[in-house]
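Scroll down for the structure; my scribbles are underneath it.
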Amino acid sequence: MNDLFPYPLRPGQDGIIRLIRDSVRGGRCVVLESGTGTGKTSVSLAGALEGISGTARKVVFLTRTKSQQKQVAVEARAIGARTDVICIAVQGRGPATCPMMLSDRDLSDGTSEELSKLCAELKKGTGPAGKCSYFENIGSTEVEACISFIRARHPDPEEFRDFCAARGICPYETVKKLLPYANVVSAPYAFFFIPAIKNHFLQWMGVSDREVVVIVDEAHNLPSYLRDSMTCRCTARSLDLADSEADRNGNPLLVQDISCKDIVQLMRDIMADAQKEYLRRESDMIPPDYLGEEMMVRLGMTSAGVRDLVMRLAEVGISIEESKKAKRKLPRSHLSSLAGFIYAWMSFDSYSHVFLVSGGDNPYLEAYCLDPGEAAEPLSTCLSSVSMSGTLSPLKDYAGEMGLEDPVSEVFPSPFPKENLEVFYVNDVSTKFSEINSDDGTYDRLKRYVVDIVGASDRSTAVFFPSYGVMERFVEDKVPDALGREVYFERRGMPQSELMEQISDFLGKEGSVLFAVTGGRGSEGLDFPGRQLELAVIVGIPFAHPSAKQDALIGYCQNRFGNGWDMAVRVPAVRKMRQAIGRLIRSEGDRGMAVILDRRVASLDGLDAKLTSDPVAEVRRFFQSH
């Protein structure tokens, strides 16, 4: 029997706690799939805390979203009734964690890196930018008051921010001073997987890698996150911004007769020539050494000369940043970003990255990361790591991508009654490009299925599309109007605040409909308990769009793991669909049905969908019986 778990145990929970506790004590990594209802946050925290009991080690709980950090605070509060837990949430520097930035619109869109540079200047308080009063107000008395507040309340990030604001102190800087006292720290992925941030993070906590147990929530997202973090891109628009910046600053010379604007124009010419030579579709691969060789030939320089030139461009950018900091402005330099892109491109190799050129309205050069293993190294160097998700299978593939050797792996199914969820599919439609755009009536049948299935019940319903493009086509064809219900939308590129407003309105009106994208923000990480969502219509399979990047990823997975299409295409699509279906059942009393409109489901493992020729009748039967 465990000592820290604060709730009555459901089937399987004690096993998860013991697995994590014993693995932490043995210094081993854990990879587990934990179904809905297993209480991933609470069981992992309880197991990890039991594993480090009696030591000065810490649990770092990594999350993808701020809402997940709130859940960590809730569970820490419950566990705190049984033991002394100090749980502190760390968030990136920004308006939500900096009162000064919150009140200054010119600073509100800054990146964490830019804001960090400005804050460093204001904390010194010796330059023309002046001082930050919120930082100046942090003293030992304030730190003690914050510790007392955390012990008593176990606040979530917003509650702690409001507490600090009321005392006139900076939440971000205060958190840094409190971290040595914490035994549980929740943080975004970046704090442990971006090397420069991780080094500072460990210093703030006062521990080394080997004194930390890392829990990765929603770990199925980690491979793509790490690939993105190791990818660099230079767009035509970013070159325009760099060109304008050079003009505003007198177009400084770098060497002899080569100026900043010359480098910008050189990049434009190289991008244009790469398009002419290699581009046959939306994006295409180019040789890894293309950019470096073209710069050497066109500039008449050696590789060392090019690197020296790029360094000088970076120095110009740093000078611009310093000038902006002195004026209390965002230290942003597009010339510095350009220098960083060129340096990164020339540093990557063809094993870990694929090199691409793209056309369109905003052409770009991109070095896309294929191998997330290097960035995932912190999972292996810490004392113990726990990678968990409700949709992590196949566990062996995940462990291979992350470079985890001999992890403890296990699948814990949902303890909820299986009959509470039914999943069906039909076999006369598909969203395969050649079929949905054919003249055989596939698209019209898809539209009719959506209208008829939604109309078969009065329950709150989500319609998940494989892409924004397909959803927008349905909207243009007036399908939402044909439903006769209130419809809310997850639109392409919409701000998080606007999305949450749509979700809130959807939740507040029983029987309404949500249009969202499978794999988008509306299909993952959100809870719809009770009658808030009872029916899901999944329009097609969210296979990745064919592209040069996708071809390269398939080739990489095939060469390294021997199952390229499965790892790069099938498994991610199935995970996205399982996540969407998982929105239906969030508690023991929830019941729901999902209908998948795609015949290709028959060839996919992991969905447990049953074939039906009449999904409308199945929906009516299910809800009449419940």
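Simple scheme: letters A, B, ... for chains in structure tokens order, numbers from 1 for residues in each chain, numbers from 1 for ligands in the order shown.
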Wanna dump the region 59-127 of chain A-region 524-531 of chain A contacts at 9 Å for me, each residue with its shortest atom pair and the distance in Å to one decimal, counting only C-alpha atoms, ordered by chain and number, as a tab-separated table?
```
residue	atom	partner	partner_atom	distance
A:Arg64	CA	A:Gly525	CA	8.9
A:Thr65	CA	A:Gly525	CA	8.0
A:Ser67	CA	A:Gly525	CA	8.1
A:Gln68	CA	A:Gly525	CA	7.7
```
Surrounding residues of Asp262 (chain A) excluding itself and chain neighbours under 2 positions, 12 Å, only C-alpha atoms, as a PyMOL selection string: chain A and resi 239+242-243+246-247+251-260+264-269+295+298-299+309+313+335
Spatial neighbours of region 207-219 of chain A, max dist 8 Å, only C-alpha atoms, sep filter under 6 positions, as a VMD selection string: chain A and resid 24 41 44 48 56 to 64 378 to 379 381 to 390 392
Export N, CA and C atoms of the chosen residues as a short mmCIF file (atom, residue, chain, number, x, y, z; two decimals), in the first residue's frame?
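What landed in part30.cif:
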```cif
data_model
loop_
_atom_site.label_atom_id
_atom_site.label_comp_id
_atom_site.auth_asym_id
_atom_site.auth_seq_id
_atom_site.Cartn_x
_atom_site.Cartn_y
_atom_site.Cartn_z
N VAL A 24 12.36 4.71 -9.85
CA VAL A 24 13.09 5.89 -9.37
C VAL A 24 14.18 5.45 -8.40
N THR A 41 -1.40 12.22 -13.52
CA THR A 41 -0.68 13.25 -12.75
C THR A 41 -0.51 12.83 -11.30
N SER A 44 1.75 9.49 -10.83
CA SER A 44 3.16 9.70 -11.13
C SER A 44 3.83 10.55 -10.06
N ALA A 48 6.79 9.07 -7.75
CA ALA A 48 8.10 9.73 -7.79
C ALA A 48 8.49 10.27 -6.42
N ALA A 56 17.37 14.70 -0.81
CA ALA A 56 17.23 16.11 -1.22
C ALA A 56 16.91 16.23 -2.70
N ARG A 57 16.55 15.11 -3.32
CA ARG A 57 16.24 15.12 -4.75
C ARG A 57 14.91 15.80 -5.03
N LYS A 58 14.72 16.16 -6.30
CA LYS A 58 13.51 16.89 -6.69
C LYS A 58 12.80 16.19 -7.83
N VAL A 59 11.49 16.42 -7.90
CA VAL A 59 10.68 15.95 -9.02
C VAL A 59 10.40 17.13 -9.93
N VAL A 60 10.76 16.99 -11.20
CA VAL A 60 10.46 18.02 -12.20
C VAL A 60 9.38 17.48 -13.11
N PHE A 61 8.23 18.12 -13.10
CA PHE A 61 7.06 17.66 -13.87
C PHE A 61 6.94 18.57 -15.10
N LEU A 62 7.24 18.02 -16.29
CA LEU A 62 7.25 18.80 -17.51
C LEU A 62 5.91 18.70 -18.23
N THR A 63 5.35 19.84 -18.59
CA THR A 63 4.04 19.89 -19.23
C THR A 63 4.12 20.63 -20.55
N ARG A 64 3.14 20.38 -21.39
CA ARG A 64 3.08 21.07 -22.69
C ARG A 64 2.25 22.34 -22.62
N PRO A 378 18.65 14.57 -22.04
CA PRO A 378 18.37 14.78 -20.61
C PRO A 378 17.50 13.69 -19.97
N LEU A 379 16.70 12.98 -20.77
CA LEU A 379 15.91 11.88 -20.21
C LEU A 379 16.79 10.75 -19.70
N THR A 381 20.21 11.28 -18.81
CA THR A 381 21.25 11.74 -17.89
C THR A 381 20.72 12.10 -16.51
N CYS A 382 19.40 12.26 -16.36
CA CYS A 382 18.85 12.54 -15.03
C CYS A 382 18.79 11.25 -14.21
N LEU A 383 18.46 11.36 -12.94
CA LEU A 383 18.39 10.18 -12.07
C LEU A 383 17.41 9.16 -12.63
N SER A 384 16.22 9.62 -13.01
CA SER A 384 15.18 8.74 -13.53
C SER A 384 14.20 9.61 -14.31
N SER A 385 13.64 9.06 -15.37
CA SER A 385 12.63 9.79 -16.12
C SER A 385 11.40 8.92 -16.30
N VAL A 386 10.24 9.57 -16.32
CA VAL A 386 8.96 8.89 -16.53
C VAL A 386 8.28 9.55 -17.71
N SER A 387 8.20 8.84 -18.84
CA SER A 387 7.48 9.34 -20.01
C SER A 387 6.12 8.67 -20.03
N MET A 388 5.06 9.49 -20.00
CA MET A 388 3.73 8.88 -19.90
C MET A 388 2.73 9.63 -20.78
N SER A 389 1.77 8.87 -21.24
CA SER A 389 0.68 9.42 -22.04
C SER A 389 -0.40 8.36 -22.15
N GLY A 390 -1.60 8.78 -22.46
CA GLY A 390 -2.67 7.82 -22.71
C GLY A 390 -2.59 7.21 -24.09
N LEU A 392 0.66 6.43 -25.98
CA LEU A 392 2.10 6.38 -26.24
C LEU A 392 2.53 5.14 -27.02
#
```
Trp204 (chain A) environment, 9 Å, only C-alpha atoms, sequence neighbours closer than 2 positions dropped, as a VMD selection string: chain A and resid 176 to 180 199 to 202 206 to 207
Within 12 Å of Pro407 (chain A) using only C-alpha atoms, minus same-chain residues under 6 positions, as a PyMOL selection string: chain A and resi 19-20+23-24+26-32+379-380+384-387+395-400
Per-residue DSSP, region 481-603 of chain A, filtered to alpha helix (DSSP H), as a PyMOL selection string: chain A and resi 481-483+496-508+548-561+564-565+571-582
Near-Asp156 (chain A) list (12 Å; only C-alpha atoms; drop same-chain fewer than 5 positions) as a ChimeraX atom specification: /A:66-77,86-91,149-150,161-163,185-187
Atomic separation - CA of Ser224 (chain A) relative to CA of Val429 (chain A), Å: 29.6 Å
Nearby residues (only C-alpha atoms) at most 12 Å from Ser112 (chain A), same-chain spacing under 5 positions excluded, as a PyMOL selection string: chain A and resi 91-98+101+107+117-119+172+190-191+197+330-332
Which region 513-581 of chain A residues have any atom within 10 Å of an atom of region 458-462 of chain A, and for each, what is the nearest pair of atoms with distance in Å to one decimal, counting only C-alpha atoms, rows sorted by chain and number, as a tab-separated table?
```
residue	atom	partner	partner_atom	distance
A:Val513	CA	A:Thr461	CA	4.8
A:Leu514	CA	A:Ala462	CA	4.6
A:Phe515	CA	A:Ala462	CA	6.0
A:Ala516	CA	A:Ala462	CA	7.1
A:Val517	CA	A:Ala462	CA	9.7
A:Gly522	CA	A:Ala462	CA	9.3
A:Ser523	CA	A:Ala462	CA	9.1
A:Phe528	CA	A:Ser460	CA	9.9
A:Arg531	CA	A:Ser460	CA	6.9
A:Gln532	CA	A:Ser460	CA	6.1
A:Leu533	CA	A:Ser460	CA	4.9
A:Glu534	CA	A:Ser460	CA	5.8
A:Leu535	CA	A:Thr461	CA	4.7
A:Ala536	CA	A:Ala462	CA	4.9
A:Val537	CA	A:Ala462	CA	6.3
A:Ile538	CA	A:Ala462	CA	8.3
A:Ala580	CA	A:Ala462	CA	9.1
A:Ile581	CA	A:Ala462	CA	9.8
```
Among listed residues A:Glu422, A:Ser504, A:Phe433, A:Ser350, nearest Gly582 (chain A) (using only C-alpha atoms):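 Under the stated criterion, the closest residue is A:Glu422.
CA of Ile541 (chain A) to CA of Thr612 (chain A) spans 17.1 Å [interatomic distance, one decimal].
Nearest residue to Tyr225 (chain A) among A:Gly110, A:Pro372, A:Gly15, A:Gly540 is A:Pro372, counting only C-alpha atoms.
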Length of the CA of Cys170 (chain A) to CA of Cys132 (chain A) vector [Å]: 9.1 Å
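Taking only region 463-498 of chain A, the residues that DSSP calls strand (DSSP E or B) from the backbone come to Val463, Phe464, Phe465, Val487, Tyr488 and Phe489 of chain A.
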A:Arg560, A:Lys324, A:Arg621, A:Lys261 ranked by distance to Gly403 (chain A), top pick (using only C-alpha atoms):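 Looking only at the distances to Gly403 (chain A), the closest residue turns out to be A:Arg560.
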Using only C-alpha atoms: which of A:Val451, A:Met471, A:Ile585, A:Val426 has the shortest distance to Ala602 (chain A):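 Ranked by minimum distance to Ala602 (chain A), first place goes to A:Val426.
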